[in-house]
$ cat structure.csv   # CSV, C-alpha atoms
chain,number,residue,atom,x,y,z
M,713,MET,CA,112.5,89.5,89.9
M,714,ALA,CA,115.9,90.7,91.2
M,715,SER,CA,116.5,94.4,90.7
M,716,GLY,CA,119.6,93.8,88.6
M,717,LEU,CA,117.8,91.5,86.2
M,718,ARG,CA,114.8,93.9,86.0
M,719,ARG,CA,117.1,96.8,85.2
M,720,PHE,CA,118.9,94.7,82.5
M,721,ILE,CA,115.6,93.7,80.8
M,722,ARG,CA,114.4,97.3,80.9
M,723,ASP,CA,117.6,98.6,79.4
M,724,LEU,CA,117.4,95.9,76.7
M,725,HIS,CA,113.9,96.9,75.8
M,726,ARG,CA,114.9,100.5,75.6
M,727,GLU,CA,117.8,99.8,73.2
M,728,PHE,CA,115.6,97.6,71.1
M,729,ASP,CA,113.0,100.4,70.8
M,730,SER,CA,115.7,102.8,69.8
M,731,TRP,CA,117.1,100.5,67.1
M,732,ILE,CA,113.7,99.8,65.6
M,733,GLY,CA,112.8,103.5,65.5
M,734,ARG,CA,116.0,104.5,63.8
M,735,ALA,CA,116.1,101.5,61.4
M,736,PHE,CA,112.5,101.4,60.2
M,737,SER,CA,110.9,104.7,60.9
M,738,LYS,CA,113.8,106.7,59.4
M,739,GLN,CA,113.3,109.2,62.3
M,740,PRO,CA,116.4,110.6,64.1
M,741,SER,CA,117.1,110.0,67.7
M,742,LEU,CA,115.8,112.5,70.3
M,743,SER,CA,119.3,113.8,70.9
M,744,SER,CA,119.5,114.6,67.2
M,745,LEU,CA,116.1,116.3,67.2
M,746,ALA,CA,116.9,118.6,70.1
M,747,GLY,CA,117.8,122.0,68.7
M,748,GLU,CA,121.0,124.0,69.4
M,749,PRO,CA,121.0,126.5,70.8
M,750,HIS,CA,118.3,125.3,73.1
M,751,ASN,CA,114.9,127.1,72.9
M,752,LYS,CA,113.8,127.3,76.5
M,753,ILE,CA,110.4,126.2,77.7
M,754,GLY,CA,108.9,129.1,79.6
M,755,ILE,CA,106.5,128.7,82.5
M,756,ASP,CA,104.5,131.7,81.4
M,757,ASP,CA,103.9,130.2,77.9
M,758,PHE,CA,103.3,126.7,79.1
M,759,LYS,CA,99.9,126.6,77.4
M,760,GLN,CA,101.6,125.6,74.2
M,761,PHE,CA,102.8,122.5,76.0
M,762,ALA,CA,99.3,121.7,77.4
M,763,TYR,CA,99.2,118.4,75.4
M,764,SER,CA,101.8,116.3,73.6
M,765,LYS,CA,102.9,117.5,70.2
M,766,ARG,CA,105.6,116.3,67.8
M,767,GLU,CA,107.2,119.8,67.7
M,768,HIS,CA,107.9,119.6,71.4
M,769,PHE,CA,110.7,117.0,71.0
M,770,LYS,CA,112.8,119.7,69.3
M,771,ARG,CA,112.5,121.9,72.4
M,772,PHE,CA,113.5,119.3,75.0
M,773,HIS,CA,116.6,118.6,77.0
M,774,ILE,CA,116.9,114.9,76.7
M,775,LEU,CA,117.8,112.7,79.6
M,776,PRO,CA,120.8,110.4,78.8
M,777,VAL,CA,118.7,107.4,79.3
M,778,HIS,CA,116.4,108.5,76.5
M,779,GLN,CA,118.8,110.0,74.0
M,780,ASN,CA,118.7,107.1,71.5
M,781,GLN,CA,114.9,106.9,71.5
M,782,THR,CA,112.8,108.2,68.6
M,783,PRO,CA,109.3,109.7,68.5
M,784,ALA,CA,108.2,106.8,66.3
M,785,THR,CA,108.7,104.2,68.9
M,786,CYS,CA,109.1,105.7,72.4
M,787,ASP,CA,106.5,105.3,75.0
M,788,LEU,CA,104.5,108.0,76.8
M,789,LYS,CA,106.9,108.3,79.7
M,790,VAL,CA,109.8,109.3,77.4
M,791,TYR,CA,107.8,112.4,76.2
M,792,GLN,CA,106.7,113.2,79.8
M,793,ASP,CA,110.1,112.8,81.4
M,794,SER,CA,111.6,115.0,78.7
M,795,LEU,CA,109.0,117.8,79.3
M,796,ILE,CA,109.3,117.8,83.1
M,797,TYR,CA,113.1,117.6,83.0
M,798,SER,CA,113.3,120.5,80.5
M,799,LEU,CA,110.8,122.7,82.4
M,800,ILE,CA,112.8,122.2,85.6
M,801,VAL,CA,116.3,122.8,84.0
M,802,ASP,CA,115.0,125.9,82.1
M,803,ASN,CA,113.2,127.5,85.0
M,804,PHE,CA,114.4,126.4,88.4
M,805,LYS,CA,117.7,127.3,90.0
M,806,PRO,CA,119.9,124.6,91.6
M,807,GLY,CA,119.0,124.1,95.2
M,808,CYS,CA,115.2,124.5,94.7
M,809,ARG,CA,113.0,122.1,96.6
M,810,MET,CA,111.0,119.6,94.5
M,811,LEU,CA,108.5,116.8,95.3
M,812,GLU,CA,107.7,114.1,92.7
M,813,ILE,CA,104.4,112.4,93.4
M,814,GLY,CA,104.5,108.7,92.6
M,815,GLY,CA,108.0,108.8,91.3
M,816,GLY,CA,108.9,105.2,91.9
M,817,GLU,CA,112.3,104.5,90.1
M,818,SER,CA,112.3,108.1,88.8
M,819,ARG,CA,114.5,108.9,85.8
M,820,VAL,CA,114.0,112.6,86.5
M,821,ILE,CA,115.0,112.4,90.2
M,822,SER,CA,118.1,110.4,89.2
M,823,ALA,CA,119.1,113.3,86.9
M,824,LEU,CA,118.3,116.1,89.3
M,825,LYS,CA,119.3,114.8,92.7
M,826,ASN,CA,122.8,116.2,92.7
M,827,ASP,CA,121.6,119.8,92.0
M,828,TYR,CA,118.2,120.1,93.7
M,829,GLU,CA,116.6,119.0,97.0
M,830,VAL,CA,114.3,116.3,95.6
M,831,TRP,CA,111.7,114.3,97.5
M,832,ASN,CA,109.9,111.2,96.2
M,833,LEU,CA,106.4,110.5,97.5
M,834,ASP,CA,105.5,106.9,96.7
M,835,LYS,CA,104.1,104.2,98.9
M,836,LEU,CA,105.9,101.6,96.8
M,837,GLU,CA,103.0,99.2,96.8
M,838,GLY,CA,103.2,98.3,93.1
M,839,LEU,CA,99.9,100.1,92.2
M,840,GLY,CA,99.6,101.1,88.6
M,841,PHE,CA,102.3,98.6,87.8
M,842,GLY,CA,104.8,100.7,89.8
M,843,PRO,CA,107.7,99.3,91.8
M,844,LYS,CA,107.5,97.7,95.3
M,845,GLY,CA,111.1,98.8,96.0
M,846,LEU,CA,113.8,101.1,94.7
M,847,MET,CA,117.1,100.0,93.1
M,848,GLU,CA,118.6,103.3,94.1
M,849,SER,CA,117.5,105.3,97.1
M,850,THR,CA,120.4,107.7,97.8
M,851,GLY,CA,120.5,111.5,97.1
M,852,PHE,CA,116.8,112.2,97.7
M,853,LYS,CA,114.2,111.7,100.4
M,854,ILE,CA,111.6,109.0,100.0
M,855,ILE,CA,108.2,109.3,101.8
M,856,LYS,CA,106.1,106.2,101.7
M,857,GLU,CA,102.6,107.7,101.7
M,858,TYR,CA,99.9,108.9,99.3
M,859,ILE,CA,99.3,112.5,98.3
M,860,GLY,CA,96.0,113.6,99.8
M,861,ALA,CA,96.9,111.8,103.1
M,862,PHE,CA,98.3,115.1,104.5
M,863,SER,CA,101.4,113.3,105.8
M,864,SER,CA,103.2,115.1,108.6
M,865,GLU,CA,106.5,114.0,107.0
M,866,LEU,CA,105.7,116.5,104.2
M,867,PRO,CA,106.2,120.0,105.6
M,868,ASP,CA,103.8,122.9,104.9
M,869,ALA,CA,104.8,125.5,102.3
M,870,HIS,CA,108.1,123.7,101.6
M,871,PHE,CA,108.4,123.0,97.9
M,872,ASP,CA,109.1,125.3,94.9
M,873,LEU,CA,107.7,122.6,92.6
M,874,VAL,CA,105.4,119.6,92.9
M,875,PHE,CA,105.2,117.4,89.9
M,876,SER,CA,104.1,114.0,88.6
M,877,ILE,CA,104.7,111.9,85.6
M,878,SER,CA,102.1,109.3,84.5
M,879,THR,CA,100.7,109.2,88.0
M,880,VAL,CA,97.4,111.2,88.2
M,881,GLU,CA,95.5,108.6,86.0
M,882,HIS,CA,96.0,106.0,88.8
M,883,PHE,CA,94.3,108.2,91.4
M,884,SER,CA,90.8,107.5,92.5
M,885,SER,CA,88.1,109.5,90.6
M,886,ASP,CA,86.1,110.0,93.8
M,887,GLU,CA,85.4,113.7,94.2
M,888,ILE,CA,86.3,113.8,97.8
M,889,VAL,CA,89.7,112.1,97.1
M,890,VAL,CA,90.4,114.5,94.2
M,891,GLU,CA,89.7,117.5,96.4
M,892,ALA,CA,92.0,116.1,99.1
M,893,ILE,CA,94.8,115.5,96.6
M,894,LEU,CA,94.6,119.1,95.3
M,895,ALA,CA,94.4,120.5,98.8
M,896,ASP,CA,97.4,118.5,99.9
M,897,ILE,CA,99.5,119.7,96.9
M,898,GLN,CA,98.5,123.3,97.7
M,899,ARG,CA,99.5,122.7,101.3
M,900,VAL,CA,103.0,121.6,100.6
M,901,LEU,CA,103.7,124.2,97.9
M,902,LYS,CA,105.4,127.5,98.9
M,903,PRO,CA,103.4,130.6,98.1
M,904,GLY,CA,104.3,131.3,94.5
M,905,GLY,CA,105.4,127.7,93.9
M,906,TYR,CA,104.4,125.7,90.9
M,907,SER,CA,102.7,122.4,90.3
M,908,VAL,CA,102.9,120.5,86.9
M,909,HIS,CA,101.5,117.1,86.0
M,910,CYS,CA,101.8,115.0,82.9
M,911,VAL,CA,98.6,113.0,82.8
M,912,ASP,CA,98.0,109.9,80.6
M,913,ALA,CA,94.9,110.6,78.5
M,914,LEU,CA,93.0,108.6,75.8
M,915,LEU,CA,91.8,109.9,72.5
M,916,TYR,CA,88.7,108.3,70.8
M,917,SER,CA,87.0,109.2,67.5
M,918,ASP,CA,84.4,111.4,69.2
M,919,HIS,CA,85.8,112.3,72.7
M,920,LEU,CA,88.8,112.1,75.0
M,921,PHE,CA,89.2,110.7,78.5
M,922,VAL,CA,91.4,112.2,81.2
M,923,HIS,CA,91.3,112.0,85.0
M,924,PRO,CA,88.8,114.4,86.6
M,925,LEU,CA,91.7,116.1,88.5
M,926,VAL,CA,92.3,118.1,85.3
M,927,SER,CA,88.8,119.5,85.2
M,928,THR,CA,88.9,120.2,89.0
M,929,VAL,CA,92.1,122.2,88.6
M,930,LEU,CA,90.5,124.2,85.8
M,931,SER,CA,87.5,125.0,87.9
M,932,ARG,CA,89.3,125.7,91.2
M,933,ILE,CA,92.6,127.4,90.3
M,934,LYS,CA,92.7,130.7,88.6
M,935,GLY,CA,95.4,130.9,85.8
M,936,ALA,CA,95.9,127.2,85.5
M,937,GLN,CA,97.4,126.4,82.1
M,938,VAL,CA,95.8,123.3,80.5
M,939,GLU,CA,93.9,122.3,77.4
M,940,ALA,CA,91.4,119.5,77.5
M,941,ASP,CA,89.0,120.4,74.7
M,942,PHE,CA,88.4,117.4,72.4
M,943,LYS,CA,87.9,119.5,69.3
M,944,VAL,CA,91.1,121.5,69.8
M,945,ILE,CA,93.2,118.5,70.5
M,946,ALA,CA,91.8,116.1,67.9
M,947,SER,CA,92.0,118.7,65.1
M,948,ASP,CA,95.7,119.5,65.8
M,949,GLU,CA,97.8,118.0,63.0
M,950,ASP,CA,100.9,118.2,65.2
M,951,LEU,CA,99.3,116.1,68.0
M,952,TRP,CA,101.7,113.4,69.2
M,953,LEU,CA,100.0,110.1,70.1
M,954,MET,CA,101.9,107.2,71.6
M,955,PRO,CA,103.0,105.1,68.7
M,956,TRP,CA,101.3,101.7,68.0
M,957,PHE,CA,104.7,100.0,68.4
M,958,ALA,CA,105.0,101.3,72.0
M,959,TYR,CA,101.5,100.4,72.8
M,960,TYR,CA,101.7,96.8,71.6
M,961,THR,CA,105.2,96.2,73.0
M,962,ARG,CA,104.6,98.0,76.4
M,963,TRP,CA,100.9,98.2,77.2
M,964,TYR,CA,99.1,95.4,75.4
M,965,HIS,CA,100.1,92.7,77.8
M,966,LEU,CA,98.4,94.8,80.5
M,967,THR,CA,95.3,96.0,78.6
M,968,ARG,CA,94.6,93.0,76.4
M,969,GLN,CA,92.7,95.4,74.1
M,970,SER,CA,93.4,96.6,70.6
M,971,LEU,CA,94.7,100.1,70.4
M,972,LYS,CA,91.4,101.3,68.7
M,973,LYS,CA,89.3,99.8,71.5
M,974,PHE,CA,91.5,101.0,74.3
M,975,GLY,CA,91.9,104.5,73.0
M,976,GLN,CA,95.0,106.3,71.7
M,977,PRO,CA,97.3,107.4,74.6
M,978,PHE,CA,98.7,110.9,74.7
M,979,SER,CA,99.7,113.3,77.4
M,980,ILE,CA,97.7,116.2,78.8
M,981,ASN,CA,99.9,118.5,80.8
M,982,VAL,CA,98.6,120.9,83.5
M,983,LEU,CA,100.5,123.6,85.3
M,984,TRP,CA,99.5,126.1,87.9
M,985,ARG,CA,101.0,128.5,90.4
M,986,LYS,CA,100.0,128.8,94.0
M,987,GLU,CA,99.0,132.4,94.9
M,988,GLN,CA,101.6,134.3,96.9

$ encode --input "structure.csv" --output "structure tokens"
Amino acid sequence: MASGLRRFIRDLHREFDSWIGRAFSKQPSLSSLAGEPHNKIGIDDFKQFAYSKREHFKRFHILPVHQNQTPATCDLKVYQDSLIYSLIVDNFKPGCRMLEIGGGESRVISALKNDYEVWNLDKLEGLGFGPKGLMESTGFKIIKEYIGAFSSELPDAHFDLVFSISTVEHFSSDEIVVEAILADIQRVLKPGGYSVHCVDALLYSDHLFVHPLVSTVLSRIKGAQVEADFKVIASDEDLWLMPWFAYYTRWYHLTRQSLKKFGQPFSINVLWRKEQ
């Protein structure tokens, strides 16, 4: 599919979601929800953002591309984009060096590239339904490799922040691979640099599922801020799950399973700091 047509269809879907959300859910747009003055998202208290909650939408800076969306119909990436973008704008000065893992056609990179040194690590093979090419490739560096491959194109101790959005769940679960991914992230981070990842997770009636990288971070890295306890998350009345509308219009053609059988998608967010 030509890139222009793909972009047109994507934008059309986004506007349709926005209209449905405002017309039938009676929920305001994300731009209306965001509070003024903005209540910054602090790195030191990131634990309160360790999994997706409805209250978070009131704390976000909203990317222009998502401003008409509503929490009632938006997909998981809208929440995750908003969290990462807000965390960066609230805590990192212009000029900081950042690496997005698996960014593809990244909405966050597009918004940040004029103010930050941004790199995109993506082999562009279409894995996890990602792109095989980029419609825009200016203003940032693209490295066509996997994290965990210890690419010489990624310099040691270079980045103030390494982040990913809806990428970790596509990694192999093999223990050796997971350990290599974590080691490679630590390699490219500056001492004192941060790493934050929004990971697609699934909630069931009696358990949750999330990629083992999350538990590996918990066991390996002192001070990591994350919450992956089923009882804590399932009992939280403010938990935000991806709406059924978004699942059946965005995911069902890929999963071919009912929402109940597949599991209810939400975001687990993990942050850590590399020791100085």

$ closest_atom_pairs --input "structure.csv" --of "stretch 799-904 of chain M" --to "stretch 746-764 of chain M" --cutoff "10 Å" --atoms "all atoms listed in the file" --output "tab-separated table"
residue	atom	partner	partner_atom	distance
M:Leu799	CA	M:Ile753	CA	5.9
M:Ile800	CA	M:Ile753	CA	9.2
M:Val801	CA	M:Lys752	CA	9.1
M:Asp802	CA	M:Lys752	CA	5.9
M:Asn803	CA	M:Gly754	CA	7.1

$ closest_residue --input "structure.csv" --among "M:Val922, M:Cys910, M:Leu915, M:Leu951" --to "M:Pro977" --atoms "only C-alpha atoms"
M:Leu915

$ closest_residue --input "structure.csv" --among "M:Ala895, M:Thr879, M:Lys972, M:Trp831" --to "M:Ser917" --atoms "all atoms listed in the file"
M:Lys972

$ atom_distance --input "structure.csv" --atom1 "atom CA of M:Trp963" --atom2 "atom CA of M:Ser798"
25.7 Å

$ atom_distance --input "structure.csv" --atom1 "atom CA of M:Asn981" --atom2 "atom CA of M:Phe957"
22.8 Å

$ closest_residue --input "structure.csv" --among "M:Ile945, M:Ala936, M:Met810, M:Ile859" --to "M:Leu873" --atoms "only C-alpha atoms"
M:Met810

$ atom_distance --input "structure.csv" --atom1 "atom CA of M:Glu817" --atom2 "atom CA of M:Leu914"
24.4 Å

$ closest_atom_pairs --input "structure.csv" --of "stretch 921-976 of chain M" --to "stretch 901-909 of chain M" --cutoff "12 Å" --atoms "all atoms listed in the file" --output "CSV"
residue,atom,partner,partner_atom,distance
M:His923,CA,M:His909,CA,11.4
M:Leu925,CA,M:His909,CA,10.2
M:Val926,CA,M:His909,CA,9.3
M:Val929,CA,M:Ser907,CA,10.7
M:Ile933,CA,M:Ser907,CA,11.3
M:Gly935,CA,M:Tyr906,CA,11.6
M:Ala936,CA,M:Ser907,CA,9.6
M:Gln937,CA,M:Val908,CA,9.4
M:Val938,CA,M:Val908,CA,10.0

$ write_last_selection --input "structure.csv" --atoms "C-alpha atoms" --output "PDB file, in the frame of the given file"
ATOM      1  CA  HIS M 923      91.300 112.000  85.000  1.00  0.00           C
ATOM      2  CA  LEU M 925      91.700 116.100  88.500  1.00  0.00           C
ATOM      3  CA  VAL M 926      92.300 118.100  85.300  1.00  0.00           C
ATOM      4  CA  VAL M 929      92.100 122.200  88.600  1.00  0.00           C
ATOM      5  CA  ILE M 933      92.600 127.400  90.300  1.00  0.00           C
ATOM      6  CA  GLY M 935      95.400 130.900  85.800  1.00  0.00           C
ATOM      7  CA  ALA M 936      95.900 127.200  85.500  1.00  0.00           C
ATOM      8  CA  GLN M 937      97.400 126.400  82.100  1.00  0.00           C
ATOM      9  CA  VAL M 938      95.800 123.300  80.500  1.00  0.00           C
TER      10      VAL M 938
END

$ closest_residue --input "structure.csv" --among "M:Tyr959, M:Trp952, M:Phe804, M:Phe883" --to "M:Glu767" --atoms "all atoms listed in the file"
M:Trp952

$ residues_around --input "structure.csv" --residues "M:Ser863" --least-positions-apart "6" --cutoff "10 Å" --atoms "only C-alpha atoms" --output "ChimeraX atom specification"
/M:855-857,896,900

$ closest_residue --input "structure.csv" --among "M:Ala958, M:Leu920, M:Leu833, M:Ile821" --to "M:Thr850" --atoms "all atoms listed in the file"
M:Ile821

$ residues_around --input "structure.csv" --residues "M:Leu824" --least-positions-apart "5" --cutoff "12 Å" --atoms "only C-alpha atoms" --output "list in words"
Leu775, Asp793, Ile796, Tyr797, Ser798, Ile800, Val801, Phe804, Lys805, Pro806, Gly807, Cys808, Arg809, Met810, Leu811, Glu812, Ser818, Arg819, Glu829, Val830, Trp831, Asn832, Gly851 and Phe852 of chain M

$ closest_residue --input "structure.csv" --among "M:Leu745, M:Met954, M:Leu971, M:Val890" --to "M:Lys789" --atoms "all atoms listed in the file"
M:Met954
